[in-house]
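One structure is given here, and the rest of the page talks about it.
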2 protein chains.
Amino acid sequence: MKRKKVVVIGGGTGNFTVLSGLKKYDIDLSAIVSMADDGGSTGILRDEMGVLPPGDVRQCLIALSESSEELRDLFNYRFENGSLGGHNFGNLFLSALEKVAGSFEKAVEEAGRILCCKGRVLPVTYDEVVLQADLGNGKTIKGQVNIDKAGMYKYPLKRLFIEPKAKVNPKAEKAIKEADLIVVAPGSLYSSLLPNLLVEGVPKALQETKAKILYICNLVNKPHETAGYTVCDYVMELEKAGGRKIDYVLYNTKKPRNKVLEKYIKQNELLVGECRASSNYKIIEGDILKDAVSSQKKGDLMNRSFIRHDSEKLTSAIIKILEK
Amino acid sequence: MKRKKVVVIGGGTGNFTVLSGLKKYDIDLSAIVSMADDGGSTGILRDEMGVLPPGDVRQCLIALSESSEELRDLFNYRFENGSLGGHNFGNLFLSALEKVAGSFEKAVEEAGRILCCKGRVLPVTYDEVVLQADLGNGKTIKGQVNIDKAGMYKYPLKRLFIEPKAKVNPKAEKAIKEADLIVVAPGSLYSSLLPNLLVEGVPKALQETKAKILYICNLVNKPHETAGYTVCDYVMELEKAGGRKIDYVLYNTKKPRNKVLEKYIKQNELLVGECRASSNYKIIEGDILKDAVSSQKKGDLMNRSFIRHDSEKLTSAIIKILEK
């Protein structure tokens, strides 16, 4: 039987849970990644070396890697002290390789070989872009990190765009068109997910593909970005940007423990609410929550927060939809 | 037929020419590397991260690598701008891997696998050492880089030592004992070669091995360190530190072009003179000089200077001795 083609679209750490679960199945896997990141180590490298943002790509590569745990730990390693402090080794790897190989595309391919990745990581574009947002007050916020902190501007985001205009990576376009299922990973709506759909050619490919689209809804709202959003609000924004309907939505109904919830409530991070209106997508409800643990395992990206998706539960739900 | 075992001892870039030539032959190859380096990117990493010096090890790994040219270029890549400026990617790789893997030994082994190295790179010791030199005036110079610039102290080196005392890496000791031939690579006598012989256990292993020792004599003297030295002076210093005789010496007799020579003379770097006294080692004279070229090929470590050994001529001379 021909292996099914699954494309995961995302950015930030959201992709990680989905990809590291899906790689265990016998499917043809592609990860399409936002290229709007400009924070931390990635931002410094963009500024100082003029390279494309390595951070989100690195996380996907590690998620798909079937190499030794040591090598994956190395790619996640963060220098602590001195002039290198805060830099991430995997980012340095991709940026140096971009310089040596002559293109980010070659660097990502070579890194995929070294890390024995299952499937491929496809930057959504190879054009250098800056994510921007119009505020209601006529001002514009520039940069993904600043948009991430949108609350400090006390105005809602009015229009999100990237500049200069960017063209879709042809391999990402092809992957979307040939996919059997497209999974929109959980992640920050405005700074990780939508930046993919703002790239020229992505909506068209989404409209042309015969693949169904599955959106894995976020667990909690971000206080300034998506405060008070229900599932429907997320879906609406994605459908508007993609120019087509979302077919399935995975929505967690398992309640986190009270103690954990309280911590989130204190930070104004509330659970994403159920949609009350009638909707034209199929909502799949269930327990896709990771049992809250407080241990911080080295190299486990997902342990920074405590309410998070469970990789196995999530993936088995995805595979069920794929096999429909 | 059993593959012959060759051990190359050195430090700095001298090893590079020898190893990259020898890897093309069907021999069992080990590179024993000085761990006294404390200059440039290596020095910063030692200071800031408390790691062992990666620089010389990196050069040997690249020399022995049979991986793609791209990957070797990556390991040689030097960051140019900003906070990373001057750092060498391969050094960062080894230092981050030392932290992740828990030891420099594991880091070097893993790097050897990734770079598909032929043979093995064996740091002479895993103890952290500082190379030091007593001057005639009662003062002590600390650090390999400072000793390299010994001329600024206007006193000759009286006694070279490392502190604290360091024990030989057991695998390096074993390689020496089981070798068929030991090659002392060309390199800075006091800051690259002798630091290997100052490590506890190395002289003993050299005395116990049945292997012959071949020394590839430097082409030019360093103005403040070995000014006026003949072949015999180099050999004498090595024999004194190793506590045994050198069996063969490869000595270049091909004269470099006048134009190139003049450039060196201006920098007070004169050719190493022939030995006039009778000696108890066999001197093998011949043309082992690389044709002087002025092109600077990216990633070619040897092109920084212009009077240098030719890798192929050198290696074919070594193999002849091995087959005796």
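Residues are named by chain letter and number: chains run A, B, ... in the order of the structure tokens, numbers start at 1 in each chain, and ligands are numbered from 1 in the order shown.
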
Inset, instruction - Define the interface residues of chain A facing chain B as those within 9 Å, counting only C-alpha atoms, and report them as a list in words. - result: Ile44, Leu45, Asp47, Glu48, Met49, Glu70, Leu71, Asp73, Leu74, Tyr77, Arg78, Phe79, Glu80, Asn81, Gly82, Ser83, Leu84, Phe89, Leu92, Phe93, Ala96, Leu97, Lys99, Val100, Ala101, Glu110 and Ile114 of chain A

Could I get chain A fitted onto chain B (least squares, all C-alpha atoms, in order) as a CSV table (one decimal) with C-alpha atoms, in the first residue's frame?
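Produced file part-v2.csv, reproduced below:
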chain,number,residue,atom,x,y,z
A,1,MET,CA,48.3,-8.9,5.3
A,2,LYS,CA,47.8,-7.1,8.5
A,3,ARG,CA,47.5,-3.3,8.1
A,4,LYS,CA,50.5,-1.4,9.5
A,5,LYS,CA,49.9,0.9,12.4
A,6,VAL,CA,51.0,4.5,12.1
A,7,VAL,CA,50.9,7.0,14.8
A,8,VAL,CA,51.3,10.7,14.0
A,9,ILE,CA,52.2,13.0,16.9
A,10,GLY,CA,51.8,16.7,16.6
A,11,GLY,CA,49.8,19.8,17.2
A,12,GLY,CA,48.8,23.0,15.3
A,13,THR,CA,48.4,22.8,11.5
A,14,GLY,CA,51.5,20.6,11.0
A,15,ASN,CA,49.5,17.4,11.5
A,16,PHE,CA,47.1,18.4,8.8
A,17,THR,CA,49.4,17.9,5.8
A,18,VAL,CA,50.7,14.6,7.1
A,19,LEU,CA,47.2,13.1,8.1
A,20,SER,CA,45.3,14.3,5.0
A,21,GLY,CA,48.0,12.5,2.9
A,22,LEU,CA,48.3,9.3,5.0
A,23,LYS,CA,44.5,8.8,5.1
A,24,LYS,CA,44.6,7.8,1.4
A,25,TYR,CA,46.7,4.7,2.2
A,26,ASP,CA,45.4,1.4,3.6
A,27,ILE,CA,47.0,1.8,7.1
A,28,ASP,CA,45.7,1.9,10.6
A,29,LEU,CA,46.1,5.6,11.5
A,30,SER,CA,46.1,7.4,14.9
A,31,ALA,CA,46.7,11.1,15.4
A,32,ILE,CA,48.0,12.0,18.9
A,33,VAL,CA,47.4,15.7,19.5
A,34,SER,CA,48.8,18.3,21.9
A,35,MET,CA,46.3,19.7,24.4
A,36,ALA,CA,48.2,22.8,25.3
A,37,ASP,CA,46.5,25.2,22.8
A,38,ASP,CA,45.0,28.3,24.4
A,39,GLY,CA,44.9,30.8,21.5
A,40,GLY,CA,42.0,32.5,19.7
A,41,SER,CA,38.6,30.8,19.6
A,42,THR,CA,40.1,27.8,21.6
A,43,GLY,CA,41.3,30.1,24.3
A,44,ILE,CA,38.0,31.8,24.7
A,45,LEU,CA,36.1,28.5,24.9
A,46,ARG,CA,38.6,27.2,27.6
A,47,ASP,CA,38.0,30.4,29.6
A,48,GLU,CA,34.3,30.8,29.2
A,49,MET,CA,33.1,27.2,29.1
A,50,GLY,CA,35.8,25.4,31.1
A,51,VAL,CA,36.2,22.9,28.2
A,52,LEU,CA,39.4,21.2,26.9
A,53,PRO,CA,41.1,22.9,23.9
A,54,PRO,CA,39.2,21.9,20.7
A,55,GLY,CA,41.3,23.6,18.0
A,56,ASP,CA,44.1,21.1,17.3
A,57,VAL,CA,41.7,18.2,17.6
A,58,ARG,CA,39.4,19.8,15.1
A,59,GLN,CA,42.1,20.2,12.5
A,60,CYS,CA,43.1,16.5,12.8
A,61,LEU,CA,39.4,15.4,12.5
A,62,ILE,CA,39.1,17.4,9.3
A,63,ALA,CA,42.3,16.0,8.0
A,64,LEU,CA,41.1,12.5,8.6
A,65,SER,CA,37.5,13.1,7.4
A,66,GLU,CA,36.2,11.3,4.4
A,67,SER,CA,32.9,13.1,4.5
A,68,SER,CA,31.6,15.6,2.0
A,69,GLU,CA,33.7,18.7,1.3
A,70,GLU,CA,30.8,20.8,2.6
A,71,LEU,CA,30.9,19.2,6.0
A,72,ARG,CA,34.6,19.7,6.2
A,73,ASP,CA,34.2,23.3,5.2
A,74,LEU,CA,31.6,23.7,7.9
A,75,PHE,CA,34.0,22.4,10.6
A,76,ASN,CA,36.5,24.9,9.4
A,77,TYR,CA,34.0,27.8,9.1
A,78,ARG,CA,34.9,30.9,11.0
A,79,PHE,CA,32.1,33.3,12.1
A,80,GLU,CA,33.0,36.7,10.9
A,81,ASN,CA,30.7,39.3,12.6
A,82,GLY,CA,29.2,40.2,15.9
A,83,SER,CA,29.3,38.3,19.1
A,84,LEU,CA,30.4,35.1,17.4
A,85,GLY,CA,33.2,36.8,15.4
A,86,GLY,CA,36.4,34.8,15.3
A,87,HIS,CA,34.8,31.6,16.7
A,88,ASN,CA,35.4,28.5,14.6
A,89,PHE,CA,32.3,26.3,14.1
A,90,GLY,CA,34.2,23.0,14.6
A,91,ASN,CA,35.5,24.3,17.9
A,92,LEU,CA,31.9,25.2,19.0
A,93,PHE,CA,30.8,21.8,17.9
A,94,LEU,CA,33.4,20.0,20.0
A,95,SER,CA,32.9,22.2,23.1
A,96,ALA,CA,29.1,21.9,23.0
A,97,LEU,CA,29.3,18.2,22.5
A,98,GLU,CA,31.8,17.9,25.4
A,99,LYS,CA,29.1,19.5,27.6
A,100,VAL,CA,26.3,17.3,26.2
A,101,ALA,CA,28.2,14.0,26.1
A,102,GLY,CA,29.8,14.6,29.4
A,103,SER,CA,33.4,14.2,28.3
A,104,PHE,CA,35.8,15.5,25.7
A,105,GLU,CA,36.7,11.9,24.9
A,106,LYS,CA,33.1,11.1,23.9
A,107,ALA,CA,32.8,14.3,22.0
A,108,VAL,CA,35.9,13.5,19.9
A,109,GLU,CA,34.6,10.0,19.2
A,110,GLU,CA,31.2,11.2,18.1
A,111,ALA,CA,32.7,14.0,15.9
A,112,GLY,CA,34.9,11.3,14.3
A,113,ARG,CA,31.8,9.3,13.4
A,114,ILE,CA,29.9,12.3,12.1
A,115,LEU,CA,32.9,13.4,9.9
A,116,CYS,CA,33.5,9.8,8.8
A,117,CYS,CA,37.1,9.9,9.9
A,118,LYS,CA,39.6,7.4,8.8
A,119,GLY,CA,41.6,6.4,11.8
A,120,ARG,CA,41.2,8.1,15.2
A,121,VAL,CA,42.1,11.3,16.9
A,122,LEU,CA,43.6,10.8,20.4
A,123,PRO,CA,44.2,13.9,22.6
A,124,VAL,CA,47.5,13.2,24.3
A,125,THR,CA,45.8,13.8,27.7
A,126,TYR,CA,42.4,14.6,29.1
A,127,ASP,CA,43.9,16.6,31.9
A,128,GLU,CA,43.6,20.3,31.7
A,129,VAL,CA,47.0,21.7,31.3
A,130,VAL,CA,48.8,25.1,30.9
A,131,LEU,CA,52.0,25.1,29.0
A,132,GLN,CA,54.7,27.1,30.8
A,133,ALA,CA,58.3,28.1,30.2
A,134,ASP,CA,61.0,29.2,32.5
A,135,LEU,CA,63.1,32.0,31.1
A,136,GLY,CA,66.8,32.5,32.0
A,137,ASN,CA,65.9,35.5,34.1
A,138,GLY,CA,63.9,33.6,36.7
A,139,LYS,CA,60.5,34.6,35.1
A,140,THR,CA,57.9,32.1,33.8
A,141,ILE,CA,55.8,32.6,30.7
A,142,LYS,CA,52.3,31.0,31.0
A,143,GLY,CA,50.3,29.8,28.1
A,144,GLN,CA,51.0,28.3,24.7
A,145,VAL,CA,50.2,31.5,22.8
A,146,ASN,CA,52.5,33.6,25.0
A,147,ILE,CA,55.3,31.0,24.5
A,148,ASP,CA,54.6,31.2,20.8
A,149,LYS,CA,55.5,34.9,21.0
A,150,ALA,CA,58.5,34.1,23.2
A,151,GLY,CA,60.6,36.7,21.4
A,152,MET,CA,58.9,39.5,23.1
A,153,TYR,CA,60.5,38.4,26.4
A,154,LYS,CA,64.0,38.7,24.9
A,155,TYR,CA,65.2,35.7,26.8
A,156,PRO,CA,65.7,32.1,25.6
A,157,LEU,CA,63.4,29.4,26.9
A,158,LYS,CA,65.2,27.5,29.6
A,159,ARG,CA,62.8,24.9,30.7
A,160,LEU,CA,59.4,23.9,29.2
A,161,PHE,CA,56.8,22.3,31.4
A,162,ILE,CA,53.1,21.8,31.8
A,163,GLU,CA,51.0,22.4,34.9
A,164,PRO,CA,49.4,20.7,36.6
A,165,LYS,CA,51.0,17.4,35.8
A,166,ALA,CA,49.0,15.5,33.2
A,167,LYS,CA,48.6,11.8,32.6
A,168,VAL,CA,48.7,10.2,29.2
A,169,ASN,CA,45.4,9.2,27.6
A,170,PRO,CA,45.5,5.4,27.9
A,171,LYS,CA,44.4,5.0,24.2
A,172,ALA,CA,47.2,7.2,23.1
A,173,GLU,CA,49.7,5.2,25.2
A,174,LYS,CA,48.4,2.0,23.7
A,175,ALA,CA,48.6,3.4,20.1
A,176,ILE,CA,52.3,4.3,20.7
A,177,LYS,CA,53.1,0.9,22.2
A,178,GLU,CA,51.5,-1.0,19.3
A,179,ALA,CA,52.6,1.2,16.5
A,180,ASP,CA,54.8,0.1,13.5
A,181,LEU,CA,55.9,3.6,12.8
A,182,ILE,CA,55.6,6.9,14.8
A,183,VAL,CA,55.7,10.1,12.8
A,184,VAL,CA,56.5,13.3,14.5
A,185,ALA,CA,54.7,15.9,12.3
A,186,PRO,CA,56.3,19.2,11.4
A,187,GLY,CA,55.2,22.0,13.8
A,188,SER,CA,56.3,24.5,16.3
A,189,LEU,CA,58.9,22.7,18.4
A,190,TYR,CA,58.1,24.3,21.8
A,191,SER,CA,54.5,25.1,21.5
A,192,SER,CA,53.1,22.1,19.5
A,193,LEU,CA,55.5,19.1,19.5
A,194,LEU,CA,57.2,19.1,22.9
A,195,PRO,CA,53.9,19.6,24.9
A,196,ASN,CA,53.1,16.0,23.8
A,197,LEU,CA,56.3,14.6,25.2
A,198,LEU,CA,55.8,16.5,28.5
A,199,VAL,CA,52.8,14.4,29.4
A,200,GLU,CA,53.4,11.7,32.0
A,201,GLY,CA,53.6,8.3,30.4
A,202,VAL,CA,54.4,9.4,26.8
A,203,PRO,CA,58.2,9.1,27.1
A,204,LYS,CA,57.9,5.7,28.8
A,205,ALA,CA,55.6,4.5,26.0
A,206,LEU,CA,58.0,5.8,23.4
A,207,GLN,CA,60.8,4.0,25.1
A,208,GLU,CA,58.9,0.7,25.3
A,209,THR,CA,57.5,0.6,21.7
A,210,LYS,CA,59.2,-1.4,19.0
A,211,ALA,CA,58.2,1.3,16.5
A,212,LYS,CA,60.8,3.4,14.7
A,213,ILE,CA,60.4,7.1,15.0
A,214,LEU,CA,60.4,9.4,12.0
A,215,TYR,CA,60.7,13.1,12.5
A,216,ILE,CA,59.6,15.4,9.6
A,217,CYS,CA,61.8,18.4,10.1
A,218,ASN,CA,60.3,21.9,9.9
A,219,LEU,CA,61.2,23.9,6.8
A,220,VAL,CA,61.8,27.2,8.4
A,221,ASN,CA,62.9,28.4,11.9
A,222,LYS,CA,60.7,30.6,14.0
A,223,PRO,CA,62.6,33.9,14.7
A,224,HIS,CA,62.4,33.9,18.4
A,225,GLU,CA,61.9,30.3,19.3
A,226,THR,CA,64.3,28.3,17.1
A,227,ALA,CA,66.4,30.9,15.3
A,228,GLY,CA,69.5,29.4,13.9
A,229,TYR,CA,68.5,25.8,14.6
A,230,THR,CA,69.8,23.0,12.4
A,231,VAL,CA,68.1,19.6,12.0
A,232,CYS,CA,70.3,18.3,14.8
A,233,ASP,CA,69.0,20.9,17.3
A,234,TYR,CA,65.4,19.8,16.6
A,235,VAL,CA,66.3,16.2,16.9
A,236,MET,CA,68.2,16.7,20.1
A,237,GLU,CA,65.4,18.5,21.8
A,238,LEU,CA,62.9,15.7,20.8
A,239,GLU,CA,65.3,13.0,21.9
A,240,LYS,CA,65.9,14.6,25.2
A,241,ALA,CA,62.2,15.0,26.0
A,242,GLY,CA,61.3,11.6,24.7
A,243,GLY,CA,64.2,9.8,26.3
A,244,ARG,CA,65.0,7.8,23.2
A,245,LYS,CA,66.5,8.2,19.8
A,246,ILE,CA,64.9,9.3,16.6
A,247,ASP,CA,65.4,6.8,13.9
A,248,TYR,CA,64.7,8.7,10.7
A,249,VAL,CA,64.5,12.3,9.7
A,250,LEU,CA,62.9,13.6,6.6
A,251,TYR,CA,64.7,16.8,5.5
A,252,ASN,CA,63.7,18.9,2.5
A,253,THR,CA,66.5,19.8,0.2
A,254,LYS,CA,64.5,21.5,-2.6
A,255,LYS,CA,65.1,25.2,-2.4
A,256,PRO,CA,62.0,27.4,-2.5
A,257,ARG,CA,61.8,30.1,-5.2
A,258,ASN,CA,63.8,33.2,-4.4
A,259,LYS,CA,60.8,35.5,-4.3
A,260,VAL,CA,59.2,33.5,-1.6
A,261,LEU,CA,62.5,33.0,0.3
A,262,GLU,CA,63.0,36.8,0.4
A,263,LYS,CA,59.6,37.3,1.9
A,264,TYR,CA,60.5,34.9,4.7
A,265,ILE,CA,63.9,36.4,5.2
A,266,LYS,CA,62.3,39.8,5.8
A,267,GLN,CA,60.3,38.2,8.6
A,268,ASN,CA,63.5,36.6,10.0
A,269,GLU,CA,62.2,33.2,9.2
A,270,LEU,CA,65.2,31.3,7.7
A,271,LEU,CA,65.4,27.8,6.4
A,272,VAL,CA,66.3,25.1,8.9
A,273,GLY,CA,70.0,24.4,8.4
A,274,GLU,CA,71.6,21.0,7.6
A,275,CYS,CA,73.4,19.2,10.4
A,276,ARG,CA,77.2,19.3,10.1
A,277,ALA,CA,78.0,17.0,13.0
A,278,SER,CA,77.8,13.3,12.7
A,279,SER,CA,74.5,12.0,13.9
A,280,ASN,CA,73.1,8.6,14.9
A,281,TYR,CA,69.8,9.0,13.0
A,282,LYS,CA,69.2,8.3,9.3
A,283,ILE,CA,68.5,11.4,7.4
A,284,ILE,CA,66.4,11.1,4.3
A,285,GLU,CA,66.9,14.1,2.1
A,286,GLY,CA,64.8,15.1,-0.9
A,287,ASP,CA,62.2,17.3,-2.5
A,288,ILE,CA,59.2,17.3,-0.1
A,289,LEU,CA,58.3,21.0,-0.8
A,290,LYS,CA,55.0,22.1,-2.1
A,291,ASP,CA,55.2,24.2,-5.2
A,292,ALA,CA,54.6,27.8,-4.0
A,293,VAL,CA,51.2,29.1,-5.1
A,294,SER,CA,49.7,32.3,-4.1
A,295,SER,CA,46.1,31.3,-4.4
A,296,GLN,CA,44.1,31.1,-1.2
A,297,LYS,CA,41.7,28.3,-1.4
A,298,LYS,CA,38.8,28.5,1.1
A,299,GLY,CA,39.2,26.0,3.8
A,300,ASP,CA,42.8,25.1,2.9
A,301,LEU,CA,44.6,25.5,6.2
A,302,MET,CA,48.0,25.2,4.6
A,303,ASN,CA,47.7,28.2,2.4
A,304,ARG,CA,48.2,30.7,5.2
A,305,SER,CA,52.0,30.4,4.6
A,306,PHE,CA,53.8,29.8,1.4
A,307,ILE,CA,56.8,27.6,2.2
A,308,ARG,CA,55.2,24.4,3.2
A,309,HIS,CA,55.4,20.6,2.8
A,310,ASP,CA,53.7,18.9,0.0
A,311,SER,CA,51.2,16.4,1.4
A,312,GLU,CA,51.7,13.8,-1.4
A,313,LYS,CA,55.5,13.9,-1.6
A,314,LEU,CA,55.7,13.7,2.2
A,315,THR,CA,53.3,10.8,2.5
A,316,SER,CA,55.0,8.8,-0.2
A,317,ALA,CA,58.3,9.2,1.6
A,318,ILE,CA,56.7,8.1,4.9
A,319,ILE,CA,55.1,5.0,3.2
A,320,LYS,CA,58.5,4.1,1.8
A,321,ILE,CA,60.0,4.1,5.3
A,322,LEU,CA,57.0,2.1,6.6
A,323,GLU,CA,57.5,-0.6,4.0
A,324,LYS,CA,61.3,-1.0,4.7

Legend entry - Residues flagged alpha helix (DSSP H) by DSSP in region 73-164 of chain A, as number ranges by chain: A: 73-76, 89-101, 104-114, 144-148

Inset, instruction - Would you return as a list of chain:residue names the members of region 179-242 of chain A that DSSP assigns to strand (DSSP E or B) on this structure's backbone? - result: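 Here is the list: A:Leu181, A:Ile182, A:Val183, A:Val184, A:Glu200, A:Lys212, A:Ile213, A:Leu214, A:Tyr215, A:Ile216, A:Val220, A:Thr230.
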
Go ahead and save the residues from that selection, with N, CA and C atoms, as a PDB file, in the first residue's frame.
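Saved result, result37.pdb, follows:
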ATOM      1  N   LEU A 181      -3.318  14.443   3.980  1.00  0.00           N
ATOM      2  CA  LEU A 181      -3.858  15.161   5.140  1.00  0.00           C
ATOM      3  C   LEU A 181      -2.904  16.303   5.490  1.00  0.00           C
ATOM      4  N   ILE A 182      -3.507  17.471   5.780  1.00  0.00           N
ATOM      5  CA  ILE A 182      -2.704  18.610   6.233  1.00  0.00           C
ATOM      6  C   ILE A 182      -3.076  18.899   7.681  1.00  0.00           C
ATOM      7  N   VAL A 183      -2.054  18.892   8.536  1.00  0.00           N
ATOM      8  CA  VAL A 183      -2.284  19.129   9.960  1.00  0.00           C
ATOM      9  C   VAL A 183      -1.769  20.518  10.312  1.00  0.00           C
ATOM     10  N   VAL A 184      -2.637  21.370  10.830  1.00  0.00           N
ATOM     11  CA  VAL A 184      -2.166  22.649  11.350  1.00  0.00           C
ATOM     12  C   VAL A 184      -1.869  22.430  12.831  1.00  0.00           C
ATOM     13  N   GLU A 200       2.861  34.106  -0.296  1.00  0.00           N
ATOM     14  CA  GLU A 200       2.234  34.008  -1.619  1.00  0.00           C
ATOM     15  C   GLU A 200       2.335  32.589  -2.155  1.00  0.00           C
ATOM     16  N   LYS A 212      -7.618  16.859   3.138  1.00  0.00           N
ATOM     17  CA  LYS A 212      -8.434  17.434   4.202  1.00  0.00           C
ATOM     18  C   LYS A 212      -7.497  18.215   5.119  1.00  0.00           C
ATOM     19  N   ILE A 213      -8.028  19.221   5.775  1.00  0.00           N
ATOM     20  CA  ILE A 213      -7.225  19.975   6.746  1.00  0.00           C
ATOM     21  C   ILE A 213      -7.728  19.709   8.161  1.00  0.00           C
ATOM     22  N   LEU A 214      -6.775  19.361   9.009  1.00  0.00           N
ATOM     23  CA  LEU A 214      -7.079  19.121  10.423  1.00  0.00           C
ATOM     24  C   LEU A 214      -6.354  20.177  11.247  1.00  0.00           C
ATOM     25  N   TYR A 215      -7.096  20.865  12.073  1.00  0.00           N
ATOM     26  CA  TYR A 215      -6.472  21.860  12.939  1.00  0.00           C
ATOM     27  C   TYR A 215      -6.472  21.345  14.375  1.00  0.00           C
ATOM     28  N   ILE A 216      -5.309  21.331  14.989  1.00  0.00           N
ATOM     29  CA  ILE A 216      -5.221  20.928  16.396  1.00  0.00           C
ATOM     30  C   ILE A 216      -5.303  22.181  17.244  1.00  0.00           C
ATOM     31  N   VAL A 220      -4.697  26.726  25.544  1.00  0.00           N
ATOM     32  CA  VAL A 220      -4.986  27.962  26.290  1.00  0.00           C
ATOM     33  C   VAL A 220      -4.834  29.175  25.365  1.00  0.00           C
ATOM     34  N   THR A 230     -12.676  31.393  21.237  1.00  0.00           N
ATOM     35  CA  THR A 230     -13.186  30.026  21.257  1.00  0.00           C
ATOM     36  C   THR A 230     -12.559  29.284  20.074  1.00  0.00           C
TER      37      THR A 230
END
